[in-house]
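**Q** input19.cif is reproduced below (mmCIF, C-alpha atoms and all ligand atoms).
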```cif
data_structure
loop_
_atom_site.label_atom_id
_atom_site.label_comp_id
_atom_site.auth_asym_id
_atom_site.auth_seq_id
_atom_site.Cartn_x
_atom_site.Cartn_y
_atom_site.Cartn_z
CA MET R 1 3.70 -21.28 38.34
CA GLY R 2 0.37 -23.06 37.75
CA TRP R 3 -0.26 -25.72 35.14
CA ARG R 4 -1.95 -23.28 32.78
CA GLU R 5 1.12 -21.05 32.69
CA ARG R 6 3.38 -24.08 32.35
CA THR R 7 1.33 -25.45 29.45
CA GLU R 8 1.43 -22.05 27.79
CA GLU R 9 5.20 -21.94 28.29
CA TRP R 10 5.63 -25.36 26.67
CA ARG R 11 3.37 -24.39 23.81
CA ARG R 12 5.35 -21.23 23.10
CA GLU R 13 8.62 -23.12 23.42
CA ALA R 14 7.43 -25.78 20.95
CA LEU R 15 6.51 -23.07 18.46
CA GLY R 16 10.08 -21.86 18.57
CA TRP R 17 11.52 -25.35 18.04
CA ALA R 18 9.15 -26.24 15.25
CA ALA R 19 9.99 -23.12 13.20
CA PRO R 20 10.55 -24.26 9.61
CA ARG R 21 13.24 -22.75 7.45
CA SER R 22 11.18 -20.61 5.18
CA CYS R 23 11.66 -16.85 4.93
CA ALA R 24 9.58 -15.12 7.65
CA CYS R 25 8.92 -12.26 5.25
CA CYS R 26 8.09 -13.73 1.83
CA GLY R 27 7.79 -17.45 2.60
CA ALA R 28 10.49 -18.51 0.10
CA ARG R 29 12.80 -21.38 1.08
CA SER R 30 15.66 -20.02 3.07
CA SER R 31 18.68 -21.18 5.02
CA GLY R 32 18.04 -18.60 7.74
CA ALA R 33 15.06 -16.79 9.23
CA LEU R 34 15.03 -14.47 6.20
CA CYS R 35 15.97 -15.14 2.57
CA VAL R 36 18.88 -13.10 1.18
CA PRO R 37 16.79 -10.51 -0.77
CA CYS R 38 14.54 -9.90 2.25
CA GLU R 39 17.49 -9.63 4.59
CA GLU R 40 19.02 -7.04 2.27
CA GLY R 41 15.67 -5.19 2.26
CA LEU R 42 15.84 -4.45 6.00
CA VAL R 43 16.90 -0.83 6.38
CA GLU R 44 18.32 0.27 9.73
CA VAL R 45 17.16 3.50 11.35
CA GLY R 46 20.81 4.36 12.03
CA GLY R 47 22.41 6.25 14.90
CA ASP R 48 21.53 9.80 13.87
CA ALA R 49 17.93 9.99 15.06
CA CYS R 50 15.82 12.23 17.32
CA VAL R 51 16.71 11.42 20.95
CA ARG R 52 13.02 11.57 21.93
CA CYS R 53 10.98 9.92 19.17
CA GLY R 54 13.63 8.03 17.20
CA LEU R 55 12.86 9.72 13.87
CA PRO R 56 16.03 9.66 11.72
CA ARG R 57 17.48 13.08 10.97
CA ASP R 58 17.02 12.66 7.21
CA ALA R 59 13.23 12.55 7.81
CA TRP R 60 13.05 15.74 9.92
CA GLU R 61 11.22 18.66 8.42
CA GLY R 62 12.74 22.09 8.19
CA ALA R 63 15.39 21.75 10.91
CA PRO R 64 18.80 23.35 10.58
CA GLU R 65 21.26 20.52 10.34
CA ASP R 66 23.05 19.43 13.50
CA ALA R 67 21.48 22.24 15.55
CA LEU R 68 19.13 20.03 17.56
CA SER R 69 19.14 16.60 19.17
CA SER R 70 15.32 16.42 19.06
CA CYS R 71 13.31 16.69 15.86
CA PRO R 72 11.16 19.83 15.36
CA GLY R 73 7.98 17.83 16.16
CA CYS R 74 9.33 16.88 19.60
CA VAL R 75 10.54 20.42 20.28
CA VAL R 76 7.05 21.81 19.59
CA ARG R 77 5.15 19.02 21.33
CA PRO R 78 7.36 16.77 23.50
CA PRO R 79 5.96 13.24 23.78
CA SER R 80 5.04 11.58 27.10
CA PHE R 81 7.80 9.01 26.63
CA ASP R 82 11.48 9.71 27.28
CA SER R 83 12.83 7.90 24.26
CA ALA R 84 11.71 5.73 21.37
CA TRP R 85 13.95 3.42 19.45
CA ALA R 86 13.61 0.78 16.73
CA PRO R 87 16.28 -1.14 14.82
CA TRP R 88 14.62 -0.84 11.39
CA ARG R 89 12.79 1.65 9.24
CA HIS R 90 9.19 0.71 8.50
CA GLU R 91 9.63 0.21 4.79
CA GLU R 92 8.62 -2.42 2.26
CA THR R 93 10.37 -5.45 3.77
CA THR R 94 9.72 -4.66 7.43
CA ARG R 95 6.10 -3.83 6.60
CA ALA R 96 5.64 -7.21 4.89
CA LEU R 97 7.46 -9.02 7.70
CA ILE R 98 5.44 -7.46 10.51
CA THR R 99 2.09 -7.56 8.69
CA ARG R 100 2.56 -11.24 7.94
CA THR R 101 2.98 -12.16 11.59
CA LYS R 102 0.77 -9.51 13.18
CA TYR R 103 -2.42 -9.74 11.16
CA ARG R 104 -2.36 -13.47 10.52
CA GLY R 105 -1.51 -14.40 14.09
CA ASP R 106 1.45 -16.32 12.69
CA ALA R 107 3.29 -17.63 15.76
CA LEU R 108 5.99 -19.36 13.71
CA GLY R 109 6.66 -16.10 11.88
CA ALA R 110 6.74 -14.29 15.21
CA ALA R 111 9.31 -16.77 16.53
CA GLU R 112 11.44 -16.10 13.42
CA LEU R 113 11.04 -12.38 13.96
CA CYS R 114 12.41 -12.78 17.50
CA GLU R 115 15.40 -14.57 16.06
CA ILE R 116 16.09 -11.73 13.64
CA ALA R 117 15.42 -8.78 15.96
CA GLY R 118 16.00 -10.25 19.43
CA ALA R 119 19.67 -9.42 19.85
CA ALA R 120 19.22 -5.76 18.81
CA LEU R 121 16.23 -5.32 21.13
CA VAL R 122 18.05 -6.93 24.05
CA GLU R 123 21.09 -4.75 23.48
CA ARG R 124 18.88 -1.68 23.70
CA VAL R 125 17.14 -2.95 26.87
CA ARG R 126 20.54 -3.58 28.50
CA GLU R 127 21.74 -0.12 27.51
CA LEU R 128 18.64 1.43 29.11
CA ASP R 129 18.97 -0.83 32.14
CA GLU R 130 22.50 0.36 32.71
CA ARG R 131 21.61 4.00 32.18
CA GLU R 132 18.51 3.90 34.39
CA GLY R 133 19.76 1.51 37.07
CA GLY R 134 17.04 -1.06 36.36
CA VAL R 135 14.09 -1.25 33.97
CA THR R 136 10.96 -3.38 33.66
CA LEU R 137 9.76 -4.48 30.25
CA THR R 138 6.10 -4.64 29.33
CA ALA R 139 4.29 -5.13 26.02
CA ALA R 140 1.88 -2.83 24.21
CA PRO R 141 -1.58 -4.26 24.85
CA MET R 142 -4.12 -5.34 22.29
CA HIS R 143 -7.88 -5.07 22.72
CA ARG R 144 -9.53 -8.40 23.59
CA SER R 145 -11.57 -8.41 20.39
CA SER R 146 -8.47 -7.89 18.22
CA LEU R 147 -6.64 -10.63 20.09
CA ARG R 148 -9.53 -13.02 19.49
CA ARG R 149 -9.52 -12.17 15.79
CA ARG R 150 -5.75 -12.37 15.23
CA GLY R 151 -4.88 -14.97 17.82
CA LEU R 152 -1.54 -13.37 18.66
CA ASN R 153 -0.32 -10.18 20.29
CA LEU R 154 3.02 -9.68 18.55
CA PRO R 155 4.64 -7.33 21.12
CA ALA R 156 3.59 -9.63 24.00
CA PHE R 157 4.97 -12.66 22.16
CA ILE R 158 8.31 -10.93 21.54
CA ALA R 159 8.51 -9.62 25.12
CA TRP R 160 7.91 -13.13 26.41
CA ARG R 161 10.71 -14.50 24.22
CA LEU R 162 13.09 -11.78 25.38
CA ARG R 163 12.49 -12.89 28.95
CA ARG R 164 12.76 -16.57 28.08
CA SER R 165 15.95 -16.34 26.03
CA TRP R 166 17.78 -13.42 27.60
CA GLY R 167 16.27 -13.06 31.06
CA VAL R 168 14.93 -9.56 30.44
CA PRO R 169 12.68 -8.63 33.43
CA LEU R 170 9.12 -8.64 32.11
CA GLU R 171 5.85 -7.72 33.76
CA GLU R 172 2.78 -8.83 31.85
CA GLY R 173 -0.57 -7.12 32.27
CA MET R 174 0.86 -3.77 33.42
CA ILE R 175 -1.20 -1.95 30.80
CA TRP R 176 -4.37 -2.84 28.90
CA ARG R 177 -6.77 -1.41 26.32
CA SER R 178 -9.84 -0.15 28.13
CA ARG R 179 -11.51 1.06 24.96
CA ARG R 180 -11.18 0.05 21.37
CA ALA R 181 -9.74 2.81 19.17
CA ARG R 182 -10.62 3.11 15.48
CA ARG R 183 -8.04 1.86 13.00
CA GLN R 184 -5.42 4.55 12.63
CA ALA R 185 -3.96 3.79 9.22
CA ARG R 186 -5.72 6.66 7.42
CA LEU R 187 -5.70 9.23 10.20
CA GLY R 188 -3.37 12.22 10.48
CA GLU R 189 -1.33 12.81 13.64
CA LEU R 190 -3.81 15.05 15.49
CA ALA R 191 -6.71 12.73 14.64
CA ARG R 192 -4.63 9.80 15.88
CA ARG R 193 -3.97 11.49 19.22
CA GLU R 194 -7.70 12.20 19.55
CA ASN R 195 -8.58 8.64 18.53
CA VAL R 196 -6.40 6.97 21.17
CA ARG R 197 -7.08 9.38 24.05
CA GLY R 198 -8.22 7.41 27.11
CA SER R 199 -8.02 4.07 25.29
CA VAL R 200 -5.41 2.51 27.60
CA THR R 201 -5.20 2.06 31.36
CA ALA R 202 -2.23 1.01 33.48
CA ARG R 203 -2.34 -0.67 36.86
CA GLU R 204 -1.57 1.56 39.83
CA GLY R 205 1.95 1.34 41.23
CA CYS R 206 3.86 0.87 37.97
CA PRO R 207 7.65 0.33 38.30
CA PRO R 208 9.69 3.56 38.14
CA VAL R 209 11.29 2.89 34.74
CA VAL R 210 9.25 1.06 32.13
CA VAL R 211 10.38 -0.14 28.71
CA LEU R 212 7.31 -0.49 26.55
CA LEU R 213 7.62 -2.87 23.62
CA ASP R 214 5.49 -2.27 20.53
CA ASP R 215 5.67 -3.49 16.95
CA VAL R 216 5.70 -0.27 14.91
CA ILE R 217 6.04 3.40 15.83
CA THR R 218 4.06 5.30 13.23
CA THR R 219 3.44 8.87 14.41
CA GLY R 220 4.03 7.96 18.05
CA ALA R 221 0.41 8.83 19.01
CA THR R 222 -0.35 5.40 20.50
CA ALA R 223 3.04 5.18 22.23
CA ASN R 224 2.40 8.65 23.62
CA GLU R 225 -0.97 7.62 25.05
CA MET R 226 0.44 4.42 26.58
CA ALA R 227 3.33 6.36 28.15
CA ARG R 228 0.84 8.87 29.56
CA ALA R 229 -1.18 6.06 31.15
CA LEU R 230 1.98 4.49 32.64
CA ARG R 231 3.05 7.84 34.06
CA ASP R 232 -0.41 8.42 35.53
CA ALA R 233 -0.02 5.04 37.23
CA GLY R 234 3.33 5.88 38.81
CA ALA R 235 6.06 5.31 36.20
CA GLN R 236 8.64 8.10 36.26
CA ARG R 237 10.30 7.29 32.99
CA VAL R 238 9.03 5.42 29.93
CA HIS R 239 11.16 4.23 27.02
CA VAL R 240 9.51 2.85 23.92
CA LEU R 241 11.06 0.02 21.97
CA ALA R 242 9.69 -1.20 18.64
CA LEU R 243 10.64 -3.35 15.69
CA ALA R 244 10.24 -0.59 13.13
CA ARG R 245 9.97 3.18 12.90
CA ALA R 246 7.93 4.91 10.20
CA CYS R 247 10.19 7.52 8.61
CA ALA R 248 8.03 9.11 5.93
ZN ZN J 1 12.14 -13.49 1.75
ZN ZN J 2 11.34 13.55 17.65
#
```
Can the structure from this file be put into structure tokens for me?
Ligand SMILES: [Zn+2]
Ligand SMILES: [Zn+2]
**A**
Amino acid sequence: MGWRERTEEWRREALGWAAPRSCACCGARSSGALCVPCEEGLVEVGGDACVRCGLPRDAWEGAPEDALSSCPGCVVRPPSFDSAWAPWRHEETTRALITRTKYRGDALGAAELCEIAGAALVERVRELDEREGGVTLTAAPMHRSSLRRRGLNLPAFIAWRLRRSWGVPLEEGMIWRSRRARRQARLGELARRENVRGSVTAREGCPPVVVLLDDVITTGATANEMARALRDAGAQRVHVLALARACA
């Protein structure tokens, strides 16, 4: 490890130690990483979700109850990834929590987020590791210009902490944004798929089973494109892991 990497490691470590006790979501004084109202505002996705895209059953459209393990969307158009999973629903509290750290490049907030979500994410990685006989974690990439503007790539930060604290095998730089996609917030699902097509590239010779860490799964269009790129570069199976899953 060169001195640059070592300095970066110390810097990230120091950020974790220096984390003040204020709620990572609303900023109120707090005895833990989140204040009590914010902690109560985190809604879990729950166990009964689509095995492919992680959408909870109560958000499926027009499916006969209990007849399918995949949601109707995945039956009609199966995604490029094998599974997607997130501990929380992307609702008011999670949205505020993630936005605060993601768009402001708030490294202290990101360290707090790791404290809150780390154990659940690691548990999922270990489950996949056992099932697949070995997995390699990588983080969803950010375009250079966005990274310059925000100063922090949240998924990369979290992935790094998972390796540091729990020894999760991580490979950085496996996938990158080769083109900048338009902001997706107002686009429908088909427009999103079109918007992200060809926007990511993965390095040749990817490990056979990749766990791709992202912050939020919205329609799954970006995750789908990243999984496609990883498969094109040699991955046989791709599992997506995120902090939150949009359920509307
Ligand atoms: Zn709070
Ligand atoms: Zn699905």
**Q** Do you know which residues are within 8 Å of ligand ZN 2 (chain J) using only C-alpha atoms and all ligand atoms? Can you write them as a list in words?
**A**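 Answer in the requested format: Ala49, Cys50, Val51, Arg52, Cys53, Gly54, Leu55, Ser70, Cys71, Pro72, Gly73, Cys74, Val75 and Pro78 of chain R.
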**Q** Could you give me the residues within 6 Å of ligand ZN 1 (chain J), counting all atoms listed in the file, as a ChimeraX atom specification?
**A** /R:23,25-28,34-35,38
**Q** Give the answer as one residue: which of R:Leu137, R:Ala229, R:Ala235, R:Leu190 has the shortest atom-to-atom distance to Cys206 in chain R, using only C-alpha atoms?
**A**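 With only C-alpha atoms as the atom set, the closest residue is R:Ala235.
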**Q** Check the smallest atom-to-atom distance from each of R:Arg161, R:His90, R:Arg77, R:Arg203 to Leu113 in chain R using all atoms listed in the file, then report the winner.
**A**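 Residue with the minimum atom-to-atom distance to Leu113 in chain R: R:Arg161.
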**Q** Could you work out how far CA of Leu97 in chain R lies from CA of Cys114 in chain R, giving the answer in Å with one decimal?
**A** 11.6 Å
**Q** So how many Å separate CA of Arg197 in chain R and CA of Trp88 in chain R, to one decimal?
**A**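 Taking CA of Arg197 in chain R and CA of Trp88 in chain R, their separation equals 27.1 Å.
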**Q** Excluding Asp48 in chain R and its own-chain neighbours fewer than 5 positions away, which residues fall within 10 Å of it when counting all atoms listed in the file? Please give them as a list in words.
**A**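 Neighbouring residues, sequence-local ones excluded: Gly54, Leu55, Pro56, Arg57, Asp58, Asp66 and Ser69 of chain R.
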**Q** Could you work out how far CA of Arg228 in chain R lies from CA of Glu91 in chain R, giving the answer in Å with one decimal?
**A**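 Rounded to one decimal, the two atoms are 27.7 Å apart.
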**Q** Which residues come within 12 Å of Glu171 in chain R, counting all atoms listed in the file, excluding same-chain residues fewer than 6 positions away, as a list in words?
**A**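 Contacts, in chain order: Val135, Thr136, Leu137, Thr138, Ala139, Ala140, Ala156, Ala159, Trp160, Leu162, Arg163, Ala202, Arg203, Cys206, Pro207, Val209, Val210, Val211, Leu212 and Leu213 of chain R.
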**Q** Looking at R:Ser22, R:Glu189, R:Met226, R:Asp214, which one is nearest to Gly109 in chain R, with distances taken over all atoms listed in the file?
**A** R:Ser22
**Q** Around the point (11.9, 4.1, 25.0) (coordinates from the file), which residues reach within 7 Å if we count only C-alpha atoms? Answer as a ChimeraX atom specification.
**A** /R:81-85,211-212,238-241
**Q** Between R:Leu152, R:Ala86, R:Arg144, R:Glu123, which has the minimum distance to Ala110 in chain R (counting all atoms listed in the file)?
**A**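 Selected residue with least distance to Ala110 in chain R: R:Leu152.
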**Q** If we count all atoms listed in the file and set the cut-off at 12 Å, which residues sit around Ser165 in chain R, ignoring sequence neighbours fewer than 5 positions away in its own chain? Please answer as a CSV table (one decimal) with C-alpha atoms, keeping the file's coordinate frame.
**A**
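Okay, around23.csv is ready:
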```csv
chain,number,residue,atom,x,y,z
R,13,GLU,CA,8.6,-23.1,23.4
R,16,GLY,CA,10.1,-21.9,18.6
R,111,ALA,CA,9.3,-16.8,16.5
R,114,CYS,CA,12.4,-12.8,17.5
R,115,GLU,CA,15.4,-14.6,16.1
R,118,GLY,CA,16.0,-10.2,19.4
R,119,ALA,CA,19.7,-9.4,19.8
R,122,VAL,CA,18.0,-6.9,24.0
R,158,ILE,CA,8.3,-10.9,21.5
R,159,ALA,CA,8.5,-9.6,25.1
R,160,TRP,CA,7.9,-13.1,26.4
R,170,LEU,CA,9.1,-8.6,32.1
```
**Q** Nearest residue to Gly133 in chain R out of R:Trp60, R:Arg237, R:Gly173, R:Arg150, using only C-alpha atoms?
**A**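 Of R:Trp60, R:Arg237, R:Gly173, R:Arg150, the one nearest Gly133 in chain R, counting only C-alpha atoms, is R:Arg237.
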